[in-house]
Every structure is written in C-alpha cells, then in structure tokens.
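Structure first, then comments.
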Amino acid sequence: MKQPELGRKILELRKQKGLTQEELVAQCNINVRTIQRIESGEVTPRSFTLKTILNVLGEDLENLKNHNTSNGNKLNLNNVKFSALHIKVAWICGLVYFLSGFVEFAVDYARFYDDELIIPKAAYISMKFIVMISCIYFLWGFVLSGKIFNNYLLKIGSFLLMSTTILFYSYDMVSLYFEPFYIDYVISVQSIFFGIGSIIFGLALMRLNDPLGKIPEIAGGFKVVSGILFALVFMGWLGLMFLIPTVILQIILLYKIGELINREKTNDTSKA
C-alpha cells in the first residue's frame, strides 16, 4: 500500500485501538513527528518501522497488502463474489492451452513448412478448436481480473489477444478447404498483432505487483519481451521461447488471484 492510503489506514487502526499518537510512538520507539508525517501521508515508513507500527496495532503486513493494490486499485468486491469459479476454470483452461500448444506446434510446423498434414482434417479442426477455446477462456480470466482490480489496460490487452486468436485460428481452420494464400504474409500480420497485444497485456500485468507479489511483475516482463520479439516478426521464433515460461507464470498468477478472491469472500462473510 502506498501513501496516502497507508497513512489513513494506520490512523484508522490507531483510533480503533484507542491510542493517541504519543501512546503509539511510546510502544514503537519512534518520535511523534514521524508518526504524524506517516499518518498525514508525507512520508512512507521503512519496512521495519511499518512492521513495528502494525504489530502494535494488531495488523499483519501481508494481510494489509492483500487488501490493496499499489495503484489505488482496490478490489471490486461486487465482481469478486461472482468470479471465483470462472477464475478457477480459466487457469485450468490455461493448462489445457499450454499442453495442447506443443502438439499444435508440431502439426502446424509439418503443415506450413513441410507441406504435410500429418493428422486428418477433422482431427486438425478439433485440435484447433480446443486450443482456441481454451486460450479464449484463459484470457477471459484476465478480463475478469481486470474488472476485479479496476485494471482497464489488462482488459484491453486481453480483448486484443482474444480477437487475434479468434481471427487467425479461424483462418487456420478455413484454409484447409482452399489453397492457403500468402502464408508468409498472414503469419507476419499475426505475429505483429499478437506482439502488440502482448506488450499491452504485459504492461498491465506488471501493475498487479503489489497485491500478488513478484509474479505479475515477472510474468508481465516476460510477456512484454515476448511481444516485442513477435512484433519484430523475424524474431518471432525467440518470442515463442519466451512464451513458454510466460504462460506458466500466467497460470500461476490466475491461481493466486483465485486464492485472493476466496480470501476476500471469506473476510466479507465473516464481517457480515
């Protein structure tokens, strides 16, 4: 939590405890001026000082982080109540998308580079449909996360990637029934679109670092790098390599978001 929200929270906790500033600083071994500046939002205390203050006030630092985001993006509790199941399904779809992607890569490589369809057309369409649907629902989990954390950039990036997925997967399936045209051009355009969407998506993920630790920051960094490589087209093969750890981290991130939602629901129920 950043200032001035942190100062207001400490002030609220101090009043709940019935402590004056003088009584609080006596137990924390800091001076009155320091607590005054912290509560007014003028300064951000060092981690040790903050932990000491919170211990006296009966609050846990990790619990405080889980209820707030670094950009003032507090959890939208109206969306939290209805999103836990969808988030769980989304990260499961992410696993399906990740694992089936290896099979898809091998089949597409044979089709587009060796000019050989190594599985029947019906199996190819079924495979593409499964990968497309699992990818879309995986991304839908991040659309919901964008609503929960009031992160509009995450929703925009997710919708861009979803649109790109639908457009080019549909082309892959339909092109079975006519001679694929300008395949190098199509792959280049797909790489650029995917790259732009990935950059926006990655930057949005990095904004979730406070309530969810370092995972969003790392996942977002990988996603941005992957997006830049895809946008350059000729470096797309390297972008695929970065995409592997990125998807794994995104699955873990959705799982963590699901856990956070459940905690919020539990806390909300206990307060009621």
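In the structure tokens, the first chain shown is A, the next is B, and so on; residue numbers restart at 1 for each chain, and ligands run from 1 in the order shown.
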Compile the contact shell of Arg37 of chain A as a PyMOL selection string: residues with an atom at most 9 Å away, counting only C-alpha atoms, same-chain residues fewer than 6 positions apart removed. chain A and resi 7+43-44
Using only C-alpha atoms, which protein or nucleic acid residues come within 7 Å of Lys155 of chain A? Drop anything in the same chain fewer than 6 positions from it, and give the result as a compact mmCIF listing (two decimals) with C-alpha atoms, in the first residue's frame.
```
# COMPACT_ATOMS: atom_id res chain seq x y z
CA PHE A 142 -7.65 -11.89 -17.10
CA VAL A 143 -10.61 -9.85 -18.33
CA GLY A 146 -9.06 -6.50 -14.88
```
I need the residues in segment 28-259 of chain A that are helix (DSSP H, G or I) according to DSSP; give them as a PyMOL selection string. chain A and resi 28+32-39+47-57+61-66+77-112+121-148+152-177+183-212+215-231+236-259
Would you give me, as a Markdown table, each residue of segment 132-202 of chain A having an atom within 10 Å of an atom of segment 219-241 of chain A, along with its shortest atom pair and that distance in Å to one decimal, using only C-alpha atoms and sorting by chain and residue number?
```
| residue | atom | partner | partner_atom | distance |
| --- | --- | --- | --- | --- |
| A:Ile187 | CA | A:Val233 | CA | 8.5 |
| A:Ser188 | CA | A:Val233 | CA | 5.9 |
| A:Val189 | CA | A:Val233 | CA | 8.4 |
| A:Gln190 | CA | A:Phe230 | CA | 8.9 |
| A:Ser191 | CA | A:Phe230 | CA | 5.1 |
| A:Ile192 | CA | A:Ala231 | CA | 4.2 |
| A:Phe193 | CA | A:Ala231 | CA | 7.2 |
| A:Phe194 | CA | A:Phe230 | CA | 6.9 |
| A:Gly195 | CA | A:Gly227 | CA | 3.8 |
| A:Ile196 | CA | A:Gly227 | CA | 6.2 |
| A:Gly197 | CA | A:Gly227 | CA | 7.3 |
| A:Ser198 | CA | A:Gly227 | CA | 4.7 |
| A:Ile199 | CA | A:Val224 | CA | 4.4 |
| A:Ile200 | CA | A:Val224 | CA | 7.6 |
| A:Phe201 | CA | A:Lys223 | CA | 7.4 |
| A:Gly202 | CA | A:Gly220 | CA | 3.9 |
```
File dump, residues just selected, N, CA, C and O atoms, as an mmCIF file, in the first residue's frame:
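Contents of result.cif, as written:
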```
data_model
loop_
_atom_site.group_PDB
_atom_site.id
_atom_site.type_symbol
_atom_site.label_atom_id
_atom_site.label_comp_id
_atom_site.auth_asym_id
_atom_site.auth_seq_id
_atom_site.Cartn_x
_atom_site.Cartn_y
_atom_site.Cartn_z
ATOM 1 N N ILE A 187 1.231 -15.001 -41.593
ATOM 2 C CA ILE A 187 1.997 -15.272 -40.373
ATOM 3 C C ILE A 187 2.636 -13.989 -39.846
ATOM 4 O O ILE A 187 2.674 -13.748 -38.632
ATOM 5 N N SER A 188 3.116 -13.144 -40.749
ATOM 6 C CA SER A 188 3.744 -11.881 -40.337
ATOM 7 C C SER A 188 2.730 -10.953 -39.668
ATOM 8 O O SER A 188 3.006 -10.353 -38.616
ATOM 9 N N VAL A 189 1.538 -10.841 -40.277
ATOM 10 C CA VAL A 189 0.491 -9.987 -39.705
ATOM 11 C C VAL A 189 0.045 -10.526 -38.345
ATOM 12 O O VAL A 189 -0.138 -9.769 -37.389
ATOM 13 N N GLN A 190 -0.102 -11.846 -38.254
ATOM 14 C CA GLN A 190 -0.480 -12.472 -36.986
ATOM 15 C C GLN A 190 0.567 -12.182 -35.912
ATOM 16 O O GLN A 190 0.226 -11.873 -34.759
ATOM 17 N N SER A 191 1.829 -12.270 -36.275
ATOM 18 C CA SER A 191 2.917 -12.030 -35.330
ATOM 19 C C SER A 191 2.888 -10.591 -34.818
ATOM 20 O O SER A 191 3.079 -10.339 -33.622
ATOM 21 N N ILE A 192 2.622 -9.645 -35.710
ATOM 22 C CA ILE A 192 2.567 -8.225 -35.320
ATOM 23 C C ILE A 192 1.393 -7.964 -34.383
ATOM 24 O O ILE A 192 1.541 -7.312 -33.340
ATOM 25 N N PHE A 193 0.210 -8.467 -34.762
ATOM 26 C CA PHE A 193 -0.981 -8.274 -33.926
ATOM 27 C C PHE A 193 -0.782 -8.890 -32.536
ATOM 28 O O PHE A 193 -1.107 -8.277 -31.517
ATOM 29 N N PHE A 194 -0.258 -10.117 -32.528
ATOM 30 C CA PHE A 194 -0.035 -10.800 -31.258
ATOM 31 C C PHE A 194 1.010 -10.056 -30.430
ATOM 32 O O PHE A 194 0.887 -9.955 -29.199
ATOM 33 N N GLY A 195 2.019 -9.533 -31.090
ATOM 34 C CA GLY A 195 3.064 -8.795 -30.393
ATOM 35 C C GLY A 195 2.539 -7.537 -29.722
ATOM 36 O O GLY A 195 2.832 -7.270 -28.555
ATOM 37 N N ILE A 196 1.721 -6.769 -30.444
ATOM 38 C CA ILE A 196 1.160 -5.530 -29.886
ATOM 39 C C ILE A 196 0.263 -5.848 -28.692
ATOM 40 O O ILE A 196 0.343 -5.201 -27.631
ATOM 41 N N GLY A 197 -0.610 -6.850 -28.863
ATOM 42 C CA GLY A 197 -1.487 -7.243 -27.756
ATOM 43 C C GLY A 197 -0.712 -7.718 -26.543
ATOM 44 O O GLY A 197 -1.069 -7.414 -25.401
ATOM 45 N N SER A 198 0.376 -8.450 -26.792
ATOM 46 C CA SER A 198 1.187 -8.985 -25.692
ATOM 47 C C SER A 198 1.895 -7.878 -24.924
ATOM 48 O O SER A 198 2.031 -7.944 -23.697
ATOM 49 N N ILE A 199 2.362 -6.862 -25.627
ATOM 50 C CA ILE A 199 3.027 -5.734 -24.960
ATOM 51 C C ILE A 199 2.056 -5.020 -24.019
ATOM 52 O O ILE A 199 2.381 -4.735 -22.855
ATOM 53 N N ILE A 200 0.852 -4.728 -24.521
ATOM 54 C CA ILE A 200 -0.159 -4.060 -23.693
ATOM 55 C C ILE A 200 -0.539 -4.943 -22.505
ATOM 56 O O ILE A 200 -0.625 -4.483 -21.360
ATOM 57 N N PHE A 201 -0.750 -6.224 -22.781
ATOM 58 C CA PHE A 201 -1.127 -7.186 -21.745
ATOM 59 C C PHE A 201 -0.032 -7.285 -20.679
ATOM 60 O O PHE A 201 -0.322 -7.288 -19.478
ATOM 61 N N GLY A 202 1.219 -7.364 -21.115
ATOM 62 C CA GLY A 202 2.335 -7.485 -20.182
ATOM 63 C C GLY A 202 2.477 -6.269 -19.285
ATOM 64 O O GLY A 202 2.706 -6.394 -18.072
#
```
Using only C-alpha atoms, which residue out of A:Tyr137, A:Tyr124, A:Phe149, A:Phe112 lies closest to Val186 of chain A?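 Nearest candidate to Val186 of chain A out of A:Tyr137, A:Tyr124, A:Phe149, A:Phe112: A:Phe112.
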Which residue of A:Pro245, A:Leu176, A:Leu50, A:Ala26 approaches Ala122 of chain A most closely, using only C-alpha atoms: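 Of all the options, A:Leu176 lies closest to Ala122 of chain A.
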Using only C-alpha atoms, find the one residue out of A:Phe129, A:Tyr255, A:Tyr113, A:Tyr152 that sits nearest to Tyr169 of chain A. A:Phe129
Can you tell me, as a PyMOL selection string, what residues are no more than 12 Å from Gln36 of chain A when counting only C-alpha atoms, ignoring any on the same chain fewer than 2 positions away? chain A and resi 7-8+10-11+14+20-22+24-25+30-34+38-45
Filtering to C-alpha atoms, could you give me those residues as a tab-separated table (two decimals), in the first residue's frame?
```tsv
chain	number	residue	atom	x	y	z
A	7	GLY	CA	-1.33	6.81	6.46
A	8	ARG	CA	-5.13	6.76	6.53
A	10	ILE	CA	-2.64	3.50	10.21
A	11	LEU	CA	-4.72	6.39	11.56
A	14	ARG	CA	-4.75	3.58	15.85
A	20	THR	CA	-3.09	8.57	20.97
A	21	GLN	CA	-0.08	9.30	18.79
A	22	GLU	CA	2.03	9.67	21.94
A	24	LEU	CA	1.64	4.62	19.89
A	25	VAL	CA	5.13	6.05	19.50
A	30	ILE	CA	9.81	6.32	17.31
A	31	ASN	CA	9.17	10.03	17.70
A	32	VAL	CA	5.79	11.78	17.44
A	33	ARG	CA	6.80	13.80	14.40
A	34	THR	CA	7.47	10.60	12.47
A	38	ILE	CA	3.26	8.92	8.23
A	39	GLU	CA	-0.42	9.41	9.06
A	40	SER	CA	-0.62	12.59	7.00
A	41	GLY	CA	0.89	10.77	4.01
A	42	GLU	CA	4.01	12.93	3.85
A	43	VAL	CA	6.47	10.02	4.11
A	44	THR	CA	6.47	6.27	3.54
A	45	PRO	CA	7.97	4.41	6.51
```
Please report the interatomic distance between atom CA of Asp60 of chain A and atom CA of Lys9 of chain A in Å with one decimal.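 Going from atom CA of Asp60 of chain A over to atom CA of Lys9 of chain A, I get 12.3 Å.
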Find the residues near Phe48 of chain A: any atom within 12 Å, counting only C-alpha atoms, skip ones fewer than 4 places away on the same chain, and give them as an mmCIF file with all heavy atoms, in the first residue's frame.
```cif
data_model
loop_
_atom_site.group_PDB
_atom_site.id
_atom_site.type_symbol
_atom_site.label_atom_id
_atom_site.label_comp_id
_atom_site.auth_asym_id
_atom_site.auth_seq_id
_atom_site.Cartn_x
_atom_site.Cartn_y
_atom_site.Cartn_z
ATOM 1 N N CYS A 28 6.335 1.984 19.976
ATOM 2 C CA CYS A 28 7.089 1.699 18.741
ATOM 3 C C CYS A 28 8.530 2.205 18.798
ATOM 4 O O CYS A 28 9.327 1.921 17.896
ATOM 5 C CB CYS A 28 6.393 2.350 17.543
ATOM 6 S SG CYS A 28 4.761 1.700 17.208
ATOM 7 N N ASN A 29 8.842 3.012 19.810
ATOM 8 C CA ASN A 29 10.182 3.585 19.942
ATOM 9 C C ASN A 29 10.540 4.485 18.762
ATOM 10 O O ASN A 29 11.640 4.442 18.223
ATOM 11 C CB ASN A 29 11.234 2.485 20.096
ATOM 12 C CG ASN A 29 12.550 3.013 20.640
ATOM 13 O OD1 ASN A 29 12.567 4.016 21.375
ATOM 14 N ND2 ASN A 29 13.650 2.381 20.277
ATOM 15 N N ILE A 30 9.563 5.294 18.328
ATOM 16 C CA ILE A 30 9.807 6.324 17.312
ATOM 17 C C ILE A 30 9.281 7.639 17.859
ATOM 18 O O ILE A 30 8.583 7.654 18.873
ATOM 19 C CB ILE A 30 9.113 5.993 15.970
ATOM 20 C CG1 ILE A 30 7.595 5.830 16.179
ATOM 21 C CG2 ILE A 30 9.700 4.736 15.341
ATOM 22 C CD1 ILE A 30 6.843 5.576 14.877
ATOM 23 N N THR A 44 6.738 7.713 3.481
ATOM 24 C CA THR A 44 6.474 6.273 3.537
ATOM 25 C C THR A 44 7.489 5.644 4.481
ATOM 26 O O THR A 44 8.702 5.790 4.270
ATOM 27 C CB THR A 44 6.609 5.635 2.143
ATOM 28 O OG1 THR A 44 5.666 6.249 1.259
ATOM 29 C CG2 THR A 44 6.346 4.130 2.210
ATOM 30 N N THR A 52 6.776 -2.658 12.779
ATOM 31 C CA THR A 52 6.699 -2.377 14.223
ATOM 32 C C THR A 52 5.379 -1.699 14.569
ATOM 33 O O THR A 52 4.709 -2.074 15.543
ATOM 34 C CB THR A 52 7.874 -1.468 14.642
ATOM 35 O OG1 THR A 52 9.117 -2.096 14.312
ATOM 36 C CG2 THR A 52 7.834 -1.200 16.139
ATOM 37 N N ILE A 53 4.998 -0.714 13.762
ATOM 38 C CA ILE A 53 3.740 0.015 13.996
ATOM 39 C C ILE A 53 2.553 -0.939 13.873
ATOM 40 O O ILE A 53 1.648 -0.945 14.718
ATOM 41 C CB ILE A 53 3.597 1.186 13.010
ATOM 42 C CG1 ILE A 53 4.671 2.253 13.276
ATOM 43 C CG2 ILE A 53 2.201 1.810 13.104
ATOM 44 C CD1 ILE A 53 4.723 3.349 12.220
ATOM 45 N N LEU A 54 2.557 -1.755 12.822
ATOM 46 C CA LEU A 54 1.442 -2.672 12.587
ATOM 47 C C LEU A 54 1.340 -3.737 13.667
ATOM 48 O O LEU A 54 0.235 -4.148 14.041
ATOM 49 C CB LEU A 54 1.579 -3.326 11.204
ATOM 50 C CG LEU A 54 1.411 -2.391 9.998
ATOM 51 C CD1 LEU A 54 1.636 -3.146 8.697
ATOM 52 C CD2 LEU A 54 0.025 -1.749 10.000
ATOM 53 N N ASN A 55 2.476 -4.183 14.188
ATOM 54 C CA ASN A 55 2.458 -5.167 15.280
ATOM 55 C C ASN A 55 1.771 -4.607 16.519
ATOM 56 O O ASN A 55 0.991 -5.297 17.177
ATOM 57 C CB ASN A 55 3.888 -5.609 15.629
ATOM 58 C CG ASN A 55 4.462 -6.569 14.606
ATOM 59 O OD1 ASN A 55 3.731 -7.234 13.888
ATOM 60 N ND2 ASN A 55 5.785 -6.646 14.531
ATOM 61 N N LEU A 61 1.305 -7.210 8.021
ATOM 62 C CA LEU A 61 1.712 -6.517 6.802
ATOM 63 C C LEU A 61 1.198 -7.228 5.552
ATOM 64 O O LEU A 61 0.710 -6.593 4.622
ATOM 65 C CB LEU A 61 3.240 -6.392 6.749
ATOM 66 C CG LEU A 61 3.822 -5.659 5.528
ATOM 67 C CD1 LEU A 61 3.280 -4.254 5.422
ATOM 68 C CD2 LEU A 61 5.355 -5.643 5.602
#
```
